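Asker: Following this line is query_14.txt, made up of compact mmCIF, C-alpha atoms (C1' of nucleotides):
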# COMPACT_ATOMS: atom_id res chain seq x y z
CA MET R 7 -8.74 -1.40 35.14
CA ASP R 8 -5.56 -0.21 33.50
CA TYR R 9 -3.34 -2.91 34.95
CA HIS R 10 -3.17 -4.97 31.80
CA LYS R 11 -2.54 -2.12 29.41
CA LYS R 12 0.39 -2.58 27.10
CA PHE R 13 3.45 -0.53 26.20
CA ILE R 14 3.53 -0.07 22.44
CA ALA R 15 6.09 2.20 20.82
CA HIS R 16 5.94 3.66 17.33
CA LEU R 17 9.17 4.76 15.68
CA ASP R 18 8.90 6.93 12.58
CA LEU R 19 11.92 8.13 10.61
CA ASP R 20 11.75 11.85 9.79
CA CYS R 21 11.65 12.57 6.03
CA PHE R 22 13.46 9.25 5.64
CA PHE R 23 14.39 9.44 1.95
CA VAL R 24 15.75 12.96 2.30
CA SER R 25 17.73 11.92 5.38
CA VAL R 26 19.38 9.08 3.44
CA GLU R 27 20.25 11.42 0.57
CA ARG R 28 21.83 13.76 3.11
CA ILE R 29 24.10 10.96 4.32
CA LYS R 30 25.23 10.46 0.73
CA ASP R 31 25.57 14.19 0.06
CA PRO R 32 26.01 16.30 3.22
CA SER R 33 25.72 19.51 1.20
CA LEU R 34 21.95 18.87 1.23
CA ILE R 35 21.80 19.38 5.01
CA GLY R 36 19.86 22.47 6.05
CA LYS R 37 18.45 23.06 2.57
CA PRO R 38 14.97 22.59 1.09
CA VAL R 39 15.17 19.15 -0.56
CA ALA R 40 12.59 16.88 -2.15
CA VAL R 41 13.04 13.27 -3.20
CA GLY R 42 10.73 12.31 -6.01
CA GLY R 43 10.15 11.98 -9.71
CA VAL R 44 11.91 14.52 -11.84
CA GLY R 45 10.20 16.04 -14.83
CA ARG R 46 6.77 17.47 -15.39
CA ARG R 47 4.97 14.33 -14.31
CA GLY R 48 6.85 13.67 -11.09
CA VAL R 49 5.52 14.02 -7.56
CA VAL R 50 7.17 14.58 -4.19
CA SER R 51 7.67 11.42 -2.16
CA SER R 52 9.66 12.96 0.69
CA ALA R 53 10.26 16.61 1.56
CA SER R 54 12.76 18.09 4.03
CA TYR R 55 11.37 20.27 6.81
CA GLU R 56 13.04 23.29 5.21
CA ALA R 57 10.92 22.57 2.11
CA ARG R 58 7.77 21.97 4.16
CA LYS R 59 8.05 25.53 5.47
CA PHE R 60 7.17 26.61 1.93
CA GLY R 61 4.16 24.32 1.83
CA VAL R 62 5.84 21.46 -0.04
CA ARG R 63 4.19 18.16 0.88
CA SER R 64 4.55 14.54 -0.16
CA ALA R 65 2.30 13.42 -3.04
CA MET R 66 2.39 16.99 -4.39
CA PRO R 67 3.09 17.44 -8.12
CA MET R 68 6.72 18.51 -8.55
CA GLY R 69 5.72 21.52 -10.65
CA GLN R 70 3.61 22.84 -7.83
CA ALA R 71 6.38 22.19 -5.32
CA LEU R 72 8.83 24.20 -7.43
CA ASP R 73 6.34 27.06 -7.71
CA LEU R 74 6.02 27.18 -3.93
CA CYS R 75 9.75 26.84 -3.38
CA PRO R 76 11.85 27.79 -6.45
CA GLN R 77 15.15 26.97 -4.72
CA LEU R 78 13.95 23.40 -4.01
CA ILE R 79 16.63 20.80 -4.69
CA VAL R 80 15.04 17.78 -6.36
CA VAL R 81 16.75 14.40 -5.98
CA ARG R 82 15.71 11.21 -7.70
CA GLY R 83 15.56 8.60 -4.96
CA SER R 84 17.14 5.17 -4.80
CA HIS R 85 14.53 2.84 -3.33
CA GLY R 86 16.75 -0.21 -3.13
CA GLU R 87 19.03 1.57 -0.72
CA TYR R 88 16.15 2.80 1.46
CA GLY R 89 14.89 -0.76 1.75
CA LYS R 90 18.28 -2.05 2.88
CA ILE R 91 18.67 0.62 5.55
CA SER R 92 15.13 -0.03 6.72
CA LYS R 93 15.87 -3.72 7.14
CA ARG R 94 19.06 -2.99 9.09
CA LEU R 95 17.19 -0.70 11.46
CA TYR R 96 14.52 -3.36 11.98
CA LYS R 97 17.17 -5.92 12.95
CA PHE R 98 18.83 -3.39 15.24
CA MET R 99 15.57 -2.81 17.11
CA CYS R 100 14.98 -6.55 17.50
CA ASP R 101 17.84 -6.51 20.02
CA TYR R 102 15.85 -4.14 22.26
CA ALA R 103 12.22 -5.15 21.87
CA PRO R 104 10.87 -8.71 22.09
CA ILE R 105 8.30 -8.03 19.36
CA VAL R 106 8.90 -5.69 16.43
CA GLN R 107 6.53 -5.01 13.54
CA GLN R 108 7.83 -3.40 10.38
CA ALA R 109 4.86 -1.24 9.40
CA SER R 110 6.33 0.38 6.29
CA ILE R 111 9.72 1.33 4.88
CA ASP R 112 10.12 4.14 7.44
CA GLU R 113 8.15 3.07 10.51
CA MET R 114 7.89 0.23 12.98
CA TYR R 115 6.08 -0.75 16.15
CA MET R 116 7.76 -2.27 19.21
CA ASP R 117 6.01 -4.01 22.10
CA PHE R 118 7.80 -3.46 25.42
CA THR R 119 5.06 -4.94 27.59
CA GLY R 120 6.69 -6.98 30.35
CA CYS R 121 10.09 -5.37 29.80
CA GLU R 122 9.66 -2.67 32.43
CA LYS R 123 11.94 -4.31 34.99
CA LEU R 124 14.55 -5.18 32.39
CA TYR R 125 14.83 -1.47 31.68
CA ASN R 126 14.82 -0.35 35.34
CA ASN R 127 11.19 0.74 35.18
CA ASP R 128 12.25 3.56 32.89
CA LEU R 129 10.73 2.99 29.46
CA PRO R 130 10.75 6.75 28.75
CA GLY R 131 14.50 6.67 29.32
CA LEU R 132 14.78 3.72 26.94
CA MET R 133 12.89 5.67 24.27
CA ARG R 134 15.39 8.53 24.58
CA THR R 135 18.25 6.04 24.32
CA LEU R 136 16.81 4.41 21.21
CA GLN R 137 16.25 7.76 19.53
CA ALA R 138 19.86 8.72 20.25
CA LEU R 139 21.11 5.36 18.98
CA VAL R 140 19.25 5.73 15.67
CA LYS R 141 20.96 9.08 15.25
CA LYS R 142 24.37 7.77 16.25
CA GLU R 143 24.42 4.39 14.48
CA PHE R 144 22.33 5.27 11.40
CA SER R 145 22.69 9.06 11.14
CA LEU R 146 18.90 9.22 10.89
CA PRO R 147 16.56 11.54 12.78
CA CYS R 148 13.41 9.89 14.09
CA THR R 149 10.35 10.46 16.27
CA ILE R 150 9.23 7.96 18.91
CA ALA R 151 5.98 7.66 20.85
CA LEU R 152 4.99 5.24 23.60
CA SER R 153 1.38 4.52 24.61
CA SER R 154 -1.05 1.71 25.28
CA ASN R 155 -1.82 0.89 21.63
CA LYS R 156 -0.54 1.18 18.08
CA ILE R 157 -2.91 3.82 16.85
CA ILE R 158 -2.30 6.32 19.66
CA SER R 159 1.45 5.88 19.28
CA LYS R 160 1.17 6.44 15.54
CA ILE R 161 -0.97 9.55 15.94
CA ALA R 162 1.48 10.78 18.57
CA THR R 163 4.59 10.46 16.40
CA GLY R 164 2.73 12.29 13.65
CA CYS R 165 2.13 15.20 16.01
CA MET R 166 5.66 15.37 17.40
CA LYS R 167 7.74 15.34 14.20
CA PRO R 168 10.56 15.94 13.61
CA GLU R 169 12.89 14.47 16.26
CA GLY R 170 10.09 14.35 18.80
CA LEU R 171 9.54 12.05 21.74
CA ILE R 172 6.32 11.57 23.67
CA ILE R 173 4.89 9.23 26.28
CA VAL R 174 1.11 9.03 26.50
CA GLU R 175 0.51 7.69 30.02
CA HIS R 176 -2.02 4.94 30.57
CA GLY R 177 -5.37 6.54 31.36
CA LEU R 178 -4.59 9.83 29.62
CA GLU R 179 -5.32 8.66 26.08
CA LYS R 180 -8.59 10.54 25.72
CA ASP R 181 -7.11 13.77 27.03
CA PHE R 182 -4.17 13.52 24.67
CA LEU R 183 -6.42 12.97 21.65
CA ALA R 184 -9.18 15.47 22.48
CA PRO R 185 -7.67 18.69 21.05
CA LEU R 186 -6.28 17.08 17.88
CA ASP R 187 -7.79 17.57 14.44
CA ILE R 188 -9.80 14.65 13.02
CA ALA R 189 -7.46 14.52 10.00
CA VAL R 190 -4.64 13.05 12.13
CA ILE R 191 -6.52 9.78 12.57
CA PRO R 192 -5.02 7.16 10.24
CA GLY R 193 -7.69 6.17 7.76
CA VAL R 194 -9.16 9.66 7.51
CA GLY R 195 -8.37 10.75 3.97
CA THR R 196 -9.87 13.54 1.92
CA LYS R 197 -13.30 11.92 1.57
CA THR R 198 -13.79 10.94 5.19
CA GLU R 199 -12.47 14.29 6.39
CA LYS R 200 -14.94 16.16 4.22
CA GLU R 201 -17.79 13.96 5.38
CA LEU R 202 -16.97 14.49 9.06
CA ARG R 203 -16.56 18.27 8.69
CA LYS R 204 -19.92 18.43 6.97
CA TYR R 205 -21.46 17.40 10.30
CA ASN R 206 -19.19 19.74 12.27
CA PHE R 207 -16.81 17.12 13.57
CA ASN R 208 -13.52 19.00 13.51
CA THR R 209 -11.57 17.82 16.53
CA ILE R 210 -11.34 14.40 18.08
CA ARG R 211 -13.13 15.88 21.09
CA ASP R 212 -16.17 16.42 18.85
CA ILE R 213 -16.20 12.69 18.13
CA GLN R 214 -15.66 11.81 21.80
CA LYS R 215 -18.74 13.86 22.73
CA ALA R 216 -20.92 12.28 20.06
CA LYS R 217 -22.80 9.00 20.25
CA LYS R 218 -21.19 5.97 18.69
CA GLU R 219 -24.36 5.48 16.63
CA THR R 220 -24.06 8.99 15.14
CA ILE R 221 -20.56 8.33 13.84
CA GLU R 222 -21.63 4.95 12.51
CA ALA R 223 -24.57 6.56 10.72
CA ILE R 224 -22.21 8.96 8.92
CA LEU R 225 -19.37 6.58 8.11
CA GLY R 226 -20.92 3.12 8.14
CA ASP R 227 -18.78 0.27 9.38
CA HIS R 228 -15.74 2.54 9.39
CA GLY R 229 -17.47 4.68 11.99
CA ARG R 230 -17.05 2.04 14.66
CA TYR R 231 -13.29 2.12 14.21
CA PHE R 232 -13.13 5.93 14.26
CA TYR R 233 -15.23 6.17 17.40
CA ARG R 234 -13.09 3.59 19.19
CA THR R 235 -9.96 5.42 18.13
CA ALA R 236 -11.31 8.75 19.35
CA ILE R 237 -11.98 7.42 22.83
CA GLY R 238 -8.49 5.96 23.07
CA LEU R 239 -9.06 2.34 22.16
CA GLY R 240 -7.11 0.58 19.47
CA ASN R 241 -5.21 -2.46 18.29
CA ASP R 242 -2.37 -3.37 20.66
CA VAL R 243 -1.28 -6.60 18.96
CA LEU R 244 1.74 -6.40 16.68
CA ASP R 245 1.46 -8.10 13.32
CA VAL R 246 4.70 -9.91 12.62
CA GLY R 247 3.61 -12.41 9.97
CA TRP R 248 3.19 -9.96 7.11
CA LYS R 249 3.45 -11.41 3.63
CA ARG R 250 3.00 -9.42 0.46
CA LYS R 251 -0.13 -10.30 -1.44
CA SER R 252 0.56 -8.77 -4.82
CA ILE R 253 3.43 -7.79 -7.08
CA SER R 254 2.91 -5.08 -9.65
CA ASN R 255 4.69 -2.65 -11.88
CA GLU R 256 3.24 0.46 -13.44
CA ASN R 257 4.56 3.29 -15.53
CA THR R 258 3.38 6.78 -16.33
CA PHE R 259 4.74 7.76 -19.71
CA MET R 260 6.71 10.93 -20.33
CA GLU R 261 4.13 11.63 -23.02
CA ASN R 262 0.75 10.02 -23.60
CA ILE R 263 0.68 7.11 -26.02
CA SER R 264 -2.04 6.14 -28.50
CA ASP R 265 -0.23 3.63 -30.67
CA ARG R 266 -1.44 0.10 -29.96
CA ASN R 267 1.86 -1.59 -30.72
CA GLU R 268 3.79 0.79 -28.55
CA LEU R 269 1.31 0.19 -25.73
CA LEU R 270 1.69 -3.57 -26.14
CA LYS R 271 5.47 -3.22 -26.06
CA ASN R 272 5.20 -1.34 -22.78
CA LEU R 273 2.86 -3.98 -21.39
CA PHE R 274 5.40 -6.63 -22.28
CA GLU R 275 8.16 -4.83 -20.40
CA LEU R 276 5.93 -4.44 -17.35
CA THR R 277 5.00 -8.12 -17.56
CA GLU R 278 8.66 -9.13 -17.72
CA SER R 279 9.53 -7.19 -14.61
CA VAL R 280 6.51 -8.46 -12.64
CA CYS R 281 7.27 -12.08 -13.56
CA TYR R 282 10.93 -11.61 -12.75
CA ASN R 283 10.11 -10.29 -9.28
CA THR R 284 7.59 -13.08 -8.72
CA ARG R 285 10.20 -15.69 -9.62
CA ARG R 286 12.67 -14.08 -7.24
CA TYR R 287 10.21 -14.81 -4.43
CA GLY R 288 9.79 -18.34 -5.73
CA TRP R 289 6.10 -17.67 -6.21
CA LYS R 290 3.46 -18.11 -8.87
CA GLY R 291 0.40 -15.93 -9.28
CA LYS R 292 -3.05 -17.01 -10.40
CA THR R 293 -4.72 -13.65 -11.06
CA VAL R 294 -3.35 -11.22 -13.63
CA LYS R 295 -4.22 -7.53 -13.26
CA LEU R 296 -4.19 -4.79 -15.84
CA LYS R 297 -4.37 -1.08 -15.04
CA LEU R 298 -5.02 1.56 -17.64
CA ARG R 299 -5.20 5.32 -17.18
CA TYR R 300 -6.36 7.61 -19.96
CA SER R 301 -5.02 11.13 -20.49
CA ASP R 302 -8.10 12.54 -18.71
CA PHE R 303 -7.06 10.50 -15.65
CA SER R 304 -10.02 8.13 -15.80
CA THR R 305 -8.68 4.78 -14.68
CA ILE R 306 -9.90 1.27 -15.26
CA THR R 307 -8.68 -2.07 -13.96
CA ARG R 308 -9.28 -5.55 -15.31
CA ASN R 309 -8.46 -8.95 -13.79
CA ILE R 310 -8.37 -12.41 -15.11
CA THR R 311 -7.88 -15.54 -13.05
CA LEU R 312 -5.99 -18.31 -14.77
CA LYS R 313 -6.58 -22.03 -14.35
CA GLU R 314 -3.07 -22.54 -13.01
CA PRO R 315 -0.71 -20.18 -11.13
CA THR R 316 2.24 -19.02 -13.21
CA ASN R 317 5.30 -16.78 -13.30
CA ASP R 318 6.02 -17.31 -16.98
CA ASP R 319 6.36 -14.08 -18.97
CA ARG R 320 4.68 -15.57 -22.02
CA ILE R 321 1.61 -16.92 -20.24
CA VAL R 322 1.11 -13.74 -18.24
CA PHE R 323 1.58 -11.57 -21.31
CA ASP R 324 -0.97 -13.55 -23.30
CA ALA R 325 -3.48 -12.87 -20.52
CA VAL R 326 -2.50 -9.19 -20.24
CA LYS R 327 -2.75 -8.75 -23.98
CA SER R 328 -6.20 -10.31 -24.24
CA ILE R 329 -7.71 -8.25 -21.41
CA PHE R 330 -6.00 -5.10 -22.69
CA LEU R 331 -7.43 -5.48 -26.19
CA LYS R 332 -10.89 -5.93 -24.68
CA ALA R 333 -10.49 -3.05 -22.22
CA TYR R 334 -8.88 -0.45 -24.51
CA THR R 335 -12.08 0.77 -26.09
CA ARG R 336 -11.86 4.56 -25.94
CA LYS R 337 -9.98 6.19 -28.77
CA PHE R 338 -8.11 8.25 -26.26
CA PRO R 339 -4.40 8.62 -25.47
CA ILE R 340 -3.09 6.67 -22.49
CA ARG R 341 -0.83 8.06 -19.77
CA LEU R 342 -0.30 4.99 -17.59
CA LEU R 343 -0.20 1.24 -17.90
CA GLY R 344 0.24 -1.27 -15.09
CA VAL R 345 0.54 -5.03 -14.75
CA GLY R 346 0.18 -7.05 -11.57
CA LEU R 347 0.05 -10.58 -10.24
CA THR R 348 -1.87 -11.79 -7.16
CA GLN R 349 -3.23 -14.99 -5.60
CA PHE R 350 0.20 -16.44 -4.96
CA SER R 351 1.22 -19.98 -4.27
CA GLU R 352 4.74 -21.27 -3.68
CA SER R 353 6.27 -22.40 -6.94
CA LYS R 354 7.29 -25.98 -6.28
CA ASP R 355 9.49 -27.72 -8.76
CA GLU R 356 7.22 -30.72 -9.25
CA THR R 357 4.24 -28.52 -10.12
CA MET R 358 6.32 -26.13 -12.15
CA SER R 359 5.68 -27.80 -15.46
CA ILE R 360 4.54 -31.04 -16.95
CA PHE R 361 5.91 -30.65 -20.43
CA ALA R 362 9.50 -30.76 -21.52
CA GLU R 363 9.03 -27.64 -23.59
CA ASP R 364 7.98 -25.74 -20.49
CA GLU R 365 11.04 -27.05 -18.66
CA LYS R 366 13.18 -25.62 -21.38
CA ARG R 367 11.44 -22.27 -21.16
CA MET R 368 11.94 -22.20 -17.40
CA GLN R 369 15.64 -22.87 -17.89
CA ILE R 370 15.85 -19.98 -20.32
CA LEU R 371 14.00 -17.69 -17.93
CA ASN R 372 16.31 -18.71 -15.11
CA ALA R 373 19.31 -17.89 -17.25
CA VAL R 374 17.79 -14.51 -18.11
CA ASP R 375 17.20 -13.85 -14.41
CA LYS R 376 20.82 -14.63 -13.60
CA LEU R 377 22.04 -12.19 -16.24
CA ARG R 378 19.70 -9.53 -14.94
CA LYS R 379 21.05 -9.97 -11.44
CA LYS R 380 24.55 -9.53 -12.77
CA PHE R 381 24.06 -6.69 -15.23
CA GLY R 382 20.85 -4.98 -14.13
CA ASP R 383 17.20 -5.17 -15.16
CA ASP R 384 17.62 -3.60 -18.59
CA ALA R 385 20.47 -5.88 -19.64
CA ILE R 386 18.33 -8.42 -21.40
CA HIS R 387 14.80 -8.88 -22.69
CA THR R 388 13.33 -12.00 -24.22
CA GLY R 389 12.20 -12.41 -27.83
CA LYS R 390 9.05 -10.32 -28.12
CA LEU R 391 10.78 -6.99 -27.69
C1' DT I 14 -0.24 22.88 -9.96
C1' DC I 15 -2.90 18.82 -13.20
C1' DT I 16 -2.01 14.57 -10.19
C1' DG I 17 4.19 8.54 -9.02
C1' DG I 18 4.54 3.87 -7.73
C1' DG I 19 4.20 0.44 -4.48
C1' DG I 20 0.81 -1.59 -1.75
C1' DT I 21 -3.72 -3.01 1.54
C1' DC I 22 -8.49 -3.58 2.62
C1' DC I 23 -13.41 -3.18 1.75
C1' DT I 24 -17.80 -3.45 -0.84
C1' DA I 25 -21.13 -5.03 -3.93
C1' DG I 26 -22.85 -7.71 -7.53
C1' DG I 27 -22.81 -11.91 -10.27
C1' DA I 28 -21.78 -16.81 -11.25
C1' DC I 29 -22.04 -21.17 -9.65
C1' DC I 30 -22.77 -25.10 -6.55
C1' DC I 31 -25.40 -27.83 -3.30
C1' DT T 3 -44.36 -23.84 -10.96
C1' DC T 4 -40.50 -19.53 -11.74
C1' DT T 5 -38.72 -20.32 -6.61
C1' DG T 6 -34.82 -20.78 -1.01
C1' DG T 7 -30.64 -20.02 1.27
C1' DG T 8 -25.78 -20.61 2.30
C1' DG T 9 -21.14 -20.62 0.73
C1' DT T 10 -17.32 -19.49 -2.20
C1' DC T 11 -14.98 -17.50 -5.92
C1' DC T 12 -14.38 -13.84 -9.17
C1' DT T 13 -14.44 -9.00 -10.81
C1' DA T 14 -14.37 -3.74 -10.67
C1' DG T 15 -13.90 0.16 -8.27
C1' DG T 16 -12.79 3.12 -4.43
C1' DA T 17 -10.54 4.89 -0.21
C1' DC T 18 -6.47 5.04 1.97
C1' DC T 19 -1.36 4.63 3.33
C1' DC T 20 3.82 5.50 2.76
Represent the structure of the file as structure tokens.
Answerer:
Amino acid sequence: MDYHKKFIAHLDLDCFFVSVERIKDPSLIGKPVAVGGVGRRGVVSSASYEARKFGVRSAMPMGQALDLCPQLIVVRGSHGEYGKISKRLYKFMCDYAPIVQQASIDEMYMDFTGCEKLYNNDLPGLMRTLQALVKKEFSLPCTIALSSNKIISKIATGCMKPEGLIIVEHGLEKDFLAPLDIAVIPGVGTKTEKELRKYNFNTIRDIQKAKKETIEAILGDHGRYFYRTAIGLGNDVLDVGWKRKSISNENTFMENISDRNELLKNLFELTESVCYNTRRYGWKGKTVKLKLRYSDFSTITRNITLKEPTNDDRIVFDAVKSIFLKAYTRKFPIRLLGVGLTQFSESKDETMSIFAEDEKRMQILNAVDKLRKKFGDDAIHTGKL
DNA sequence: TCTGGGGTCCTAGGACCC
DNA sequence: TCTGGGGTCCTAGGACCC
């Protein structure tokens, strides 16, 4: 029955952002470090294991992190650099695995099914080699798991961090999962966890022992997925055709803002950056999104779908402005604004514009983009600012 | 300790068309 | 006479992930 099971590896870089910062500044090695937003309103996006000993976790407000660990060294990250290293590692792994899926900036899946002979029937040995190579060639610690599907491998790396290595043999999936806490299942967040605990499902074994129908009754359609996961089944097909479906930019202000004109100015800056990034992809978006968060954290979103896809700052801003003025009803200070573009189509030259005036505008925008590339995003803004 | 910024996917209701 | 059903698109919100 197990003869057609696959060999899917999951590679997860350990506290990736911190590890990169340690390459740049070796004095950070061995110390409690957090990469994240500085200032009162920042949060932790990556914490070193020395910091985790104090209870510091990612997504934690920086103030809280500093209370738990006063000697915490906070570093503002550089996302562009992380992305480049991530891409290099992906290409490196493509030399070893026939199929590689980049799952996020710091993790990837590799399908080694059918490669057993190529690697002398020693895939575990290959995993050790790859882990050592990542350390040697990239100076990055990582955790690797190998099993019959993506979800078990992902759960397994999560359990073995940092610098762990684990092989879950075919047929032993259920046994491996049984003692683990339900919260390790990807997709179980705070809400789902609470719901499951309410009915005394605390370990994966509890789910294994239950009826599929019981789990479905508690969690609806999601329940089917959780039950399958618990008994060791899961997706074993790598997704290599990923394409981003939205481009957005949002900003939490240092201090809340109530002034309409200042809010509009911020919306214009966000619009500029979203349109710039969309143009860099050579895309146009049809649906414009606005996000608005009040000082009490209540958040609303508004969309508008245009007749034609666009990446023109002016057209997008007109849409953003009109939905913002309609949506901003509470006389309440605002802490965050966001602008996004979705429903992309390729921006082809012949459909780009019909009118000469638009052509001219596109030329100007192209010139602005070139300057930005040369001097950085803040170098130039168009008229409205 | 008051909570970032980038995303994805799902649901549910309404509009509209045939 | 107020009444069907299928399909698609749009919108708002929520849960979740890194």
Asker: Find the residues of chain T in contact range of chain R, meaning any atom within 9 Å when counting all atoms listed in the file, and list them as an mmCIF file with C-alpha atoms (C1' of nucleotides), in the frame of the given file.
Answerer:
data_model
loop_
_atom_site.group_PDB
_atom_site.id
_atom_site.type_symbol
_atom_site.label_atom_id
_atom_site.label_comp_id
_atom_site.auth_asym_id
_atom_site.auth_seq_id
_atom_site.Cartn_x
_atom_site.Cartn_y
_atom_site.Cartn_z
ATOM 1 C "C1'" DC T 12 -14.380 -13.840 -9.170
ATOM 2 C "C1'" DT T 13 -14.440 -9.000 -10.810
ATOM 3 C "C1'" DA T 14 -14.370 -3.740 -10.670
ATOM 4 C "C1'" DG T 15 -13.900 0.160 -8.270
ATOM 5 C "C1'" DA T 17 -10.540 4.890 -0.210
ATOM 6 C "C1'" DC T 18 -6.470 5.040 1.970
ATOM 7 C "C1'" DC T 19 -1.360 4.630 3.330
ATOM 8 C "C1'" DC T 20 3.820 5.500 2.760
#
Asker: What is the distance, in Å and to one decimal place, between CA of Leu312 (chain R) and CA of Cys281 (chain R)?
Answerer: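 Rounded to one decimal, the two atoms are 14.7 Å apart.
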Asker: So how many Å separate CA of Arg336 (chain R) and CA of Leu269 (chain R), to one decimal?
Answerer: 13.9 Å
Asker: Measure the distance from CA of Ile172 (chain R) to CA of Ala151 (chain R) in Å and round it to one decimal.
Answerer: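 Calculated distance between CA of Ile172 (chain R) and CA of Ala151 (chain R) is 4.8 Å.
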Asker: Skipping near chain neighbours, those fewer than 3 positions away, what residues fall within 7 Å of DT14 (chain I) using only C-alpha atoms (C1' of nucleotides), listed as a list of chain:residue names?
Answerer: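 With the cut-off at 7 Å, the set is R:Pro67, R:Gly69, R:Gln70.
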Asker: How big is the axis-aligned box around the listed atoms of region 3-8 of chain T once 6 Å is added on each side, and where is its centre? Give both in Å to one decimal, as JSON.
Answerer:
{"center_x": -35.1, "center_y": -21.7, "center_z": -4.7, "size_x": 30.6, "size_y": 16.3, "size_z": 26.0}
Asker: Write out as a list in words each polymer residue whose atoms come within 10 Å of Ile263 (chain R), counting all atoms listed in the file; drop sequence neighbours fewer than 2 positions from it.
Answerer: Phe259, Met260, Glu261, Asp265, Arg266, Asn267, Glu268, Leu269, Tyr300, Ser301, Phe338, Pro339, Ile340, Arg341 and Leu342 of chain R
Asker: What does the file look like for those residues with C-alpha atoms, as a short mmCIF file (atom, residue, chain, number, x, y, z; two decimals), in the coordinates of the input?
Answerer:
data_model
loop_
_atom_site.label_atom_id
_atom_site.label_comp_id
_atom_site.auth_asym_id
_atom_site.auth_seq_id
_atom_site.Cartn_x
_atom_site.Cartn_y
_atom_site.Cartn_z
CA PHE R 259 4.74 7.76 -19.71
CA MET R 260 6.71 10.93 -20.33
CA GLU R 261 4.13 11.63 -23.02
CA ASP R 265 -0.23 3.63 -30.67
CA ARG R 266 -1.44 0.10 -29.96
CA ASN R 267 1.86 -1.59 -30.72
CA GLU R 268 3.79 0.79 -28.55
CA LEU R 269 1.31 0.19 -25.73
CA TYR R 300 -6.36 7.61 -19.96
CA SER R 301 -5.02 11.13 -20.49
CA PHE R 338 -8.11 8.25 -26.26
CA PRO R 339 -4.40 8.62 -25.47
CA ILE R 340 -3.09 6.67 -22.49
CA ARG R 341 -0.83 8.06 -19.77
CA LEU R 342 -0.30 4.99 -17.59
#
